[in-house]
$ cat input_2.cif   # mmCIF, C-alpha atoms
data_input
#
loop_
_atom_site.group_PDB
_atom_site.id
_atom_site.type_symbol
_atom_site.label_atom_id
_atom_site.label_comp_id
_atom_site.auth_asym_id
_atom_site.auth_seq_id
_atom_site.Cartn_x
_atom_site.Cartn_y
_atom_site.Cartn_z
ATOM 1 C CA ILE H 1 -7.750 3.845 -7.111
ATOM 2 C CA LEU H 2 -4.501 5.485 -8.197
ATOM 3 C CA LEU H 3 -5.842 8.899 -7.159
ATOM 4 C CA TRP H 4 -6.485 7.762 -3.584
ATOM 5 C CA LYS H 5 -3.165 5.932 -3.388
ATOM 6 C CA ASP H 6 -1.304 9.000 -4.619
ATOM 7 C CA THR H 7 -3.274 11.248 -2.267
ATOM 8 C CA PHE H 8 -2.502 9.216 0.844
ATOM 9 C CA ALA H 9 1.203 9.028 -0.051
ATOM 10 C CA SER H 10 1.499 12.758 -0.718
ATOM 11 C CA LEU H 11 -0.498 13.798 2.351
ATOM 12 C CA ALA H 12 1.627 11.565 4.589
ATOM 13 C CA ARG H 13 4.787 13.236 3.295
ATOM 14 C CA LEU H 14 3.300 16.728 3.457
ATOM 15 C CA LEU H 15 1.860 16.440 6.958
ATOM 16 C CA GLY H 16 5.014 14.760 8.245
ATOM 17 C CA GLY H 17 7.246 17.500 6.884
ATOM 18 C CA VAL H 18 5.007 20.353 8.006
ATOM 19 C CA GLY H 19 4.571 18.807 11.465
ATOM 20 C CA ILE H 20 8.309 18.426 12.008
ATOM 21 C CA ALA H 21 8.937 21.936 10.670
ATOM 22 C CA ALA H 22 6.300 23.376 13.007
ATOM 23 C CA ALA H 23 7.827 21.671 16.058
ATOM 24 C CA LEU H 24 11.348 22.798 15.145
ATOM 25 C CA SER H 25 10.230 26.338 14.354
ATOM 26 C CA LEU H 26 8.325 26.689 17.600
ATOM 27 C CA SER H 27 11.261 25.423 19.676
ATOM 28 C CA LEU H 28 13.890 27.505 17.887
ATOM 29 C CA GLY H 29 11.683 30.585 17.735
ATOM 30 C CA MET H 30 11.007 30.467 21.471
ATOM 31 C CA VAL H 31 14.681 29.952 22.312
ATOM 32 C CA ILE H 32 15.887 32.719 19.986
ATOM 33 C CA GLY H 33 13.209 35.122 21.168
ATOM 34 C CA LEU H 34 13.640 34.523 24.901
ATOM 35 C CA LEU H 35 17.380 33.950 25.325
ATOM 36 C CA PRO H 36 19.778 36.702 24.205
ATOM 37 C CA ILE H 37 22.693 34.249 24.024
ATOM 38 C CA ALA H 38 20.760 31.917 21.736
ATOM 39 C CA ARG H 39 19.632 34.896 19.661
ATOM 40 C CA THR H 40 23.254 35.933 19.136
ATOM 41 C CA MET H 41 24.334 32.427 18.171
ATOM 42 C CA LEU H 42 21.382 31.219 16.109
ATOM 43 C CA SER H 43 19.649 34.180 14.494
ATOM 44 C CA GLY H 44 22.428 34.735 11.968
ATOM 45 C CA PHE H 45 22.599 31.047 11.130
ATOM 46 C CA VAL H 46 18.854 30.840 10.559
ATOM 47 C CA ALA H 47 18.998 33.948 8.365
ATOM 48 C CA VAL H 48 21.732 32.411 6.200
ATOM 49 C CA VAL H 49 19.917 29.082 5.892
ATOM 50 C CA SER H 50 16.751 30.881 4.819
ATOM 51 C CA MET H 51 18.647 32.275 1.818
ATOM 52 C CA VAL H 52 19.563 28.825 0.451
ATOM 53 C CA PRO H 53 17.186 27.690 -2.355
ATOM 54 C CA PRO H 54 15.711 24.426 -0.999
ATOM 55 C CA LEU H 55 15.257 22.893 -4.449
ATOM 56 C CA ALA H 56 18.991 23.294 -5.078
ATOM 57 C CA LEU H 57 19.572 20.925 -2.160
ATOM 58 C CA LEU H 58 17.350 18.219 -3.616
ATOM 59 C CA PRO H 59 20.155 16.283 -5.376
ATOM 60 C CA ILE H 60 22.262 16.456 -2.213
ATOM 61 C CA LEU H 61 19.408 15.099 -0.122
ATOM 62 C CA PHE H 62 18.844 12.228 -2.532
ATOM 63 C CA ILE H 63 22.557 11.347 -2.421
ATOM 64 C CA MET H 64 22.800 11.563 1.377
ATOM 65 C CA LEU H 65 19.401 10.199 2.397
ATOM 66 C CA GLY H 66 18.445 8.044 -0.559
ATOM 67 C CA LEU H 67 15.370 8.158 -2.736
ATOM 68 C CA GLY H 68 12.915 7.091 -0.030
ATOM 69 C CA GLU H 69 10.441 9.030 2.063
ATOM 70 C CA LEU H 70 13.023 10.664 4.342
ATOM 71 C CA SER H 71 14.574 12.884 1.679
ATOM 72 C CA LYS H 72 11.172 14.212 0.596
ATOM 73 C CA VAL H 73 10.145 15.032 4.163
ATOM 74 C CA VAL H 74 13.502 16.652 4.916
ATOM 75 C CA LEU H 75 13.163 18.869 1.833
ATOM 76 C CA ILE H 76 9.859 20.217 3.149
ATOM 77 C CA VAL H 77 11.390 20.772 6.592
ATOM 78 C CA ILE H 78 14.398 22.625 5.175
ATOM 79 C CA GLY H 79 12.170 24.649 2.879
ATOM 80 C CA ILE H 80 9.755 26.122 5.420
ATOM 81 C CA THR H 81 11.469 25.938 8.825
ATOM 82 C CA PRO H 82 13.743 29.019 8.485
ATOM 83 C CA PHE H 83 10.881 31.357 7.557
ATOM 84 C CA MET H 84 8.659 30.094 10.349
ATOM 85 C CA THR H 85 11.497 30.246 12.882
ATOM 86 C CA ARG H 86 12.327 33.865 12.078
ATOM 87 C CA ASP H 87 8.683 34.916 12.248
ATOM 88 C CA LEU H 88 8.014 33.151 15.552
ATOM 89 C CA ALA H 89 11.202 34.549 17.088
ATOM 90 C CA GLN H 90 10.083 38.039 16.115
ATOM 91 C CA ARG H 91 6.653 37.362 17.631
ATOM 92 C CA VAL H 92 8.316 36.448 20.919
ATOM 93 C CA LEU H 93 10.415 39.619 20.784
ATOM 94 C CA ASP H 94 7.247 41.665 20.217
ATOM 95 C CA ILE H 95 5.721 40.478 23.505
ATOM 96 C CA PRO H 96 5.546 43.512 25.823
ATOM 97 C CA HIS H 97 8.528 43.550 28.176
ATOM 98 C CA GLU H 98 6.222 44.459 31.054
ATOM 99 C CA GLN H 99 4.673 40.984 30.928
ATOM 100 C CA MET H 100 8.071 39.361 31.378
ATOM 101 C CA VAL H 101 8.946 41.704 34.250
ATOM 102 C CA LYS H 102 5.659 41.016 36.033
ATOM 103 C CA ALA H 103 6.138 37.260 35.688
ATOM 104 C CA GLN H 104 9.679 37.505 37.069
ATOM 105 C CA THR H 105 8.452 39.687 39.918
ATOM 106 C CA LEU H 106 5.977 36.960 40.852
ATOM 107 C CA GLY H 107 8.822 34.456 40.979
ATOM 108 C CA ALA H 108 8.343 32.762 37.621
ATOM 109 C CA SER H 109 11.300 30.833 36.234
ATOM 110 C CA SER H 110 12.453 31.028 32.626
ATOM 111 C CA LEU H 111 10.580 27.812 31.853
ATOM 112 C CA VAL H 112 7.361 29.123 33.393
ATOM 113 C CA ILE H 113 7.692 32.378 31.460
ATOM 114 C CA ALA H 114 8.170 30.411 28.247
ATOM 115 C CA LEU H 115 5.186 28.129 28.862
ATOM 116 C CA ARG H 116 2.736 30.525 30.517
ATOM 117 C CA VAL H 117 3.579 33.903 28.988
ATOM 118 C CA ALA H 118 5.221 33.404 25.607
ATOM 119 C CA LEU H 119 3.737 30.133 24.337
ATOM 120 C CA PRO H 120 0.034 31.144 24.431
ATOM 121 C CA GLN H 121 0.857 34.243 22.396
ATOM 122 C CA VAL H 122 3.045 32.397 19.898
ATOM 123 C CA LEU H 123 0.749 29.455 19.102
ATOM 124 C CA PRO H 124 -1.780 31.506 17.071
ATOM 125 C CA ARG H 125 1.097 32.878 15.035
ATOM 126 C CA LEU H 126 2.404 29.340 14.515
ATOM 127 C CA ILE H 127 -0.876 28.294 12.939
ATOM 128 C CA ALA H 128 -0.819 31.387 10.734
ATOM 129 C CA ASP H 129 2.733 30.581 9.656
ATOM 130 C CA ILE H 130 1.766 27.014 8.788
ATOM 131 C CA ARG H 131 -1.053 28.344 6.616
ATOM 132 C CA LEU H 132 1.349 30.680 4.843
ATOM 133 C CA SER H 133 3.904 27.895 4.340
ATOM 134 C CA LEU H 134 1.532 25.296 2.909
ATOM 135 C CA GLY H 135 1.933 26.599 -0.629
ATOM 136 C CA SER H 136 5.713 26.280 -0.460
ATOM 137 C CA ALA H 137 5.415 22.859 1.171
ATOM 138 C CA TRP H 138 3.265 21.608 -1.711
ATOM 139 C CA LEU H 139 5.814 22.974 -4.191
ATOM 140 C CA PHE H 140 8.717 21.157 -2.536
ATOM 141 C CA LEU H 141 6.691 17.964 -2.243
ATOM 142 C CA ILE H 142 5.654 17.893 -5.898
ATOM 143 C CA ALA H 143 9.213 18.672 -7.016
ATOM 144 C CA ALA H 144 10.632 15.826 -4.918
ATOM 145 C CA GLU H 145 7.977 13.376 -6.111
ATOM 146 C CA ALA H 146 8.559 14.336 -9.720
ATOM 147 C CA VAL H 147 12.293 13.624 -9.480
ATOM 148 C CA ALA H 148 12.292 10.369 -7.523
ATOM 149 C CA SER H 149 9.131 8.548 -6.524
ATOM 150 C CA ASP H 150 6.855 5.751 -7.634
ATOM 151 C CA VAL H 151 3.678 7.067 -6.024
ATOM 152 C CA GLY H 152 2.269 10.492 -5.210
ATOM 153 C CA LEU H 153 0.347 13.343 -6.778
ATOM 154 C CA GLY H 154 3.456 15.032 -8.165
ATOM 155 C CA TYR H 155 4.809 11.759 -9.501
ATOM 156 C CA ARG H 156 1.569 11.015 -11.361
ATOM 157 C CA ILE H 157 1.418 14.470 -12.969
ATOM 158 C CA PHE H 158 4.946 14.226 -14.319
ATOM 159 C CA LEU H 159 4.409 10.610 -15.369
ATOM 160 C CA VAL H 160 1.409 11.299 -17.585
ATOM 161 C CA ARG H 161 2.743 14.550 -19.050
ATOM 162 C CA ARG H 162 4.828 12.554 -21.524
ATOM 163 C CA TYR H 163 1.551 11.193 -22.937
ATOM 164 C CA LEU H 164 -0.020 14.677 -22.998
ATOM 165 C CA ALA H 165 -2.884 13.350 -20.862
ATOM 166 C CA MET H 166 -4.407 16.716 -20.055
ATOM 167 C CA ASP H 167 -7.527 15.160 -18.537
ATOM 168 C CA VAL H 168 -5.444 13.419 -15.869
ATOM 169 C CA ILE H 169 -3.147 16.396 -15.305
ATOM 170 C CA LEU H 170 -6.020 18.860 -14.868
ATOM 171 C CA THR H 171 -7.843 16.456 -12.548
ATOM 172 C CA TYR H 172 -4.776 16.138 -10.341
ATOM 173 C CA VAL H 173 -4.121 19.888 -10.338
ATOM 174 C CA ILE H 174 -7.711 20.615 -9.318
ATOM 175 C CA TRP H 175 -7.519 17.893 -6.653
ATOM 176 C CA ILE H 176 -4.290 19.352 -5.217
ATOM 177 C CA THR H 177 -5.904 22.792 -5.136
ATOM 178 C CA LEU H 178 -8.920 21.375 -3.302
ATOM 179 C CA LEU H 179 -6.722 19.574 -0.780
ATOM 180 C CA ALA H 180 -4.750 22.775 -0.139
ATOM 181 C CA PHE H 181 -7.985 24.709 0.376
ATOM 182 C CA VAL H 182 -9.329 22.126 2.822
ATOM 183 C CA LEU H 183 -6.095 22.086 4.836
ATOM 184 C CA ASP H 184 -6.093 25.891 5.012
ATOM 185 C CA TRP H 185 -9.745 25.912 6.103
ATOM 186 C CA LEU H 186 -9.059 23.331 8.820
ATOM 187 C CA LEU H 187 -6.165 25.383 10.190
ATOM 188 C CA LYS H 188 -8.226 28.571 10.107
ATOM 189 C CA THR H 189 -11.066 26.829 11.961
ATOM 190 C CA LEU H 190 -8.629 25.437 14.527
ATOM 191 C CA SER H 191 -7.185 28.882 15.136
ATOM 192 C CA ARG H 192 -10.627 30.445 15.491
ATOM 193 C CA ARG H 193 -11.815 27.845 18.001
ATOM 194 C CA ALA H 194 -8.607 27.466 19.988
ATOM 195 C CA PHE H 195 -7.766 31.177 20.155
ATOM 196 C CA PRO H 196 -11.003 33.167 19.877
ATOM 197 C CA TRP H 197 -9.365 36.098 21.639
ATOM 198 C CA MET H 198 -6.862 36.324 18.793
ATOM 199 C CA GLU H 199 -9.619 36.461 16.184
ATOM 200 C CA ALA H 200 -11.463 39.120 18.169
ATOM 201 C CA GLY H 201 -8.358 41.288 18.253
ATOM 202 C CA LEU H 202 -7.912 41.280 14.473
#

$ encode --input "input_2.cif" --output "structure tokens"
Amino acid sequence: ILLWKDTFASLARLLGGVGIAAALSLSLGMVIGLLPIARTMLSGFVAVVSMVPPLALLPILFIMLGLGELSKVVLIVIGITPFMTRDLAQRVLDIPHEQMVKAQTLGASSLVIALRVALPQVLPRLIADIRLSLGSAWLFLIAAEAVASDVGLGYRIFLVRRYLAMDVILTYVIWITLLAFVLDWLLKTLSRRAFPWMEAGL
């Protein structure tokens, strides 16, 4: 019973943080990649933020946001958003300039170019970035749960370690590994089915 309770709590935090990070990264990456003004203003800021160790911010988040769910989700967002934003912005910049020129020649607005030209080419990369960031997201989640939580996979591992309960610890570690594998497989399947042309080009 505790395993399922911890699993649901941890997955809710993980999926919430990764979902928010994906939405922010996609928006910022598109803006930075498409608009030179935004690239000048934001690219440096994102680069600096990406250098900050997220775990060092954990005490600050707990002080500012409390010990509830919000601080744990925000830690995941802060931890993986900068990397994903920089990668997606670069993917937008790598789109052949001829495609932009053709769209503009046909009368497409900036919004249409973003939605019809850039977005379809960025979404497969977004899924790939989420897959690459899942490991870091799990790390931040377990660290936050270990410090301040009363339920969750990370909380349970650090709770029973004082009793040297290796059977429980190993069970939870294996379970976390299995969950990570399943999430990665689901994302890979989604990418293959939603963007078969991307898979064929690899």

$ closest_residue --input "input_2.cif" --among "H:Leu75, H:Val151, H:Ala137, H:Leu93" --to "Leu55 of chain H" --atoms "all atoms listed in the file"
H:Leu75

$ atom_distance --input "input_2.cif" --atom1 "atom CA of Arg86 of chain H" --atom2 "atom CA of Arg39 of chain H"
10.6 Å

$ closest_residue --input "input_2.cif" --among "H:Ala144, H:Leu115, H:Ile1, H:Ala21" --to "Ile60 of chain H" --atoms "all atoms listed in the file"
H:Ala144

$ closest_residue --input "input_2.cif" --among "H:Leu187, H:Leu123, H:Val173, H:Val92" --to "Met30 of chain H" --atoms "only C-alpha atoms"
H:Val92

$ resolve_selection --input "input_2.cif" --expression "the PyMOL selection byres ((chain H and resi 174-184) around 8)" --output "ChimeraX atom specification"
/H:131,134-135,153,170-173,185-188

$ resolve_selection --input "input_2.cif" --expression "the PyMOL selection byres ((chain H and resi 136) around 12)" --output "ChimeraX atom specification"
/H:14,17-18,53-55,75-81,83-84,129-135,137-143,180

$ write_last_selection --input "input_2.cif" --atoms "C-alpha atoms" --output "tab-separated table (two decimals), in the coordinates of the input"
chain	number	residue	atom	x	y	z
H	14	LEU	CA	3.30	16.73	3.46
H	17	GLY	CA	7.25	17.50	6.88
H	18	VAL	CA	5.01	20.35	8.01
H	53	PRO	CA	17.19	27.69	-2.36
H	54	PRO	CA	15.71	24.43	-1.00
H	55	LEU	CA	15.26	22.89	-4.45
H	75	LEU	CA	13.16	18.87	1.83
H	76	ILE	CA	9.86	20.22	3.15
H	77	VAL	CA	11.39	20.77	6.59
H	78	ILE	CA	14.40	22.62	5.18
H	79	GLY	CA	12.17	24.65	2.88
H	80	ILE	CA	9.76	26.12	5.42
H	81	THR	CA	11.47	25.94	8.82
H	83	PHE	CA	10.88	31.36	7.56
H	84	MET	CA	8.66	30.09	10.35
H	129	ASP	CA	2.73	30.58	9.66
H	130	ILE	CA	1.77	27.01	8.79
H	131	ARG	CA	-1.05	28.34	6.62
H	132	LEU	CA	1.35	30.68	4.84
H	133	SER	CA	3.90	27.90	4.34
H	134	LEU	CA	1.53	25.30	2.91
H	135	GLY	CA	1.93	26.60	-0.63
H	137	ALA	CA	5.42	22.86	1.17
H	138	TRP	CA	3.26	21.61	-1.71
H	139	LEU	CA	5.81	22.97	-4.19
H	140	PHE	CA	8.72	21.16	-2.54
H	141	LEU	CA	6.69	17.96	-2.24
H	142	ILE	CA	5.65	17.89	-5.90
H	143	ALA	CA	9.21	18.67	-7.02
H	180	ALA	CA	-4.75	22.78	-0.14

$ closest_residue --input "input_2.cif" --among "H:Ile169, H:Ile63, H:Val49, H:Leu88" --to "Tyr155 of chain H" --atoms "all atoms listed in the file"
H:Ile169

$ atom_distance --input "input_2.cif" --atom1 "atom CA of Leu26 of chain H" --atom2 "atom CA of Thr85 of chain H"
6.7 Å

$ atom_distance --input "input_2.cif" --atom1 "atom CA of Phe8 of chain H" --atom2 "atom CA of Lys72 of chain H"
14.6 Å

$ closest_atom_pairs --input "input_2.cif" --of "segment 113-148 of chain H" --to "segment 65-69 of chain H" --cutoff "10 Å" --atoms "only C-alpha atoms" --output "JSON lines"
{"residue": "H:Ala144", "atom": "CA", "partner": "H:Leu67", "partner_atom": "CA", "distance": 9.3}
{"residue": "H:Glu145", "atom": "CA", "partner": "H:Glu69", "partner_atom": "CA", "distance": 9.6}
{"residue": "H:Val147", "atom": "CA", "partner": "H:Leu67", "partner_atom": "CA", "distance": 9.2}
{"residue": "H:Ala148", "atom": "CA", "partner": "H:Leu67", "partner_atom": "CA", "distance": 6.1}
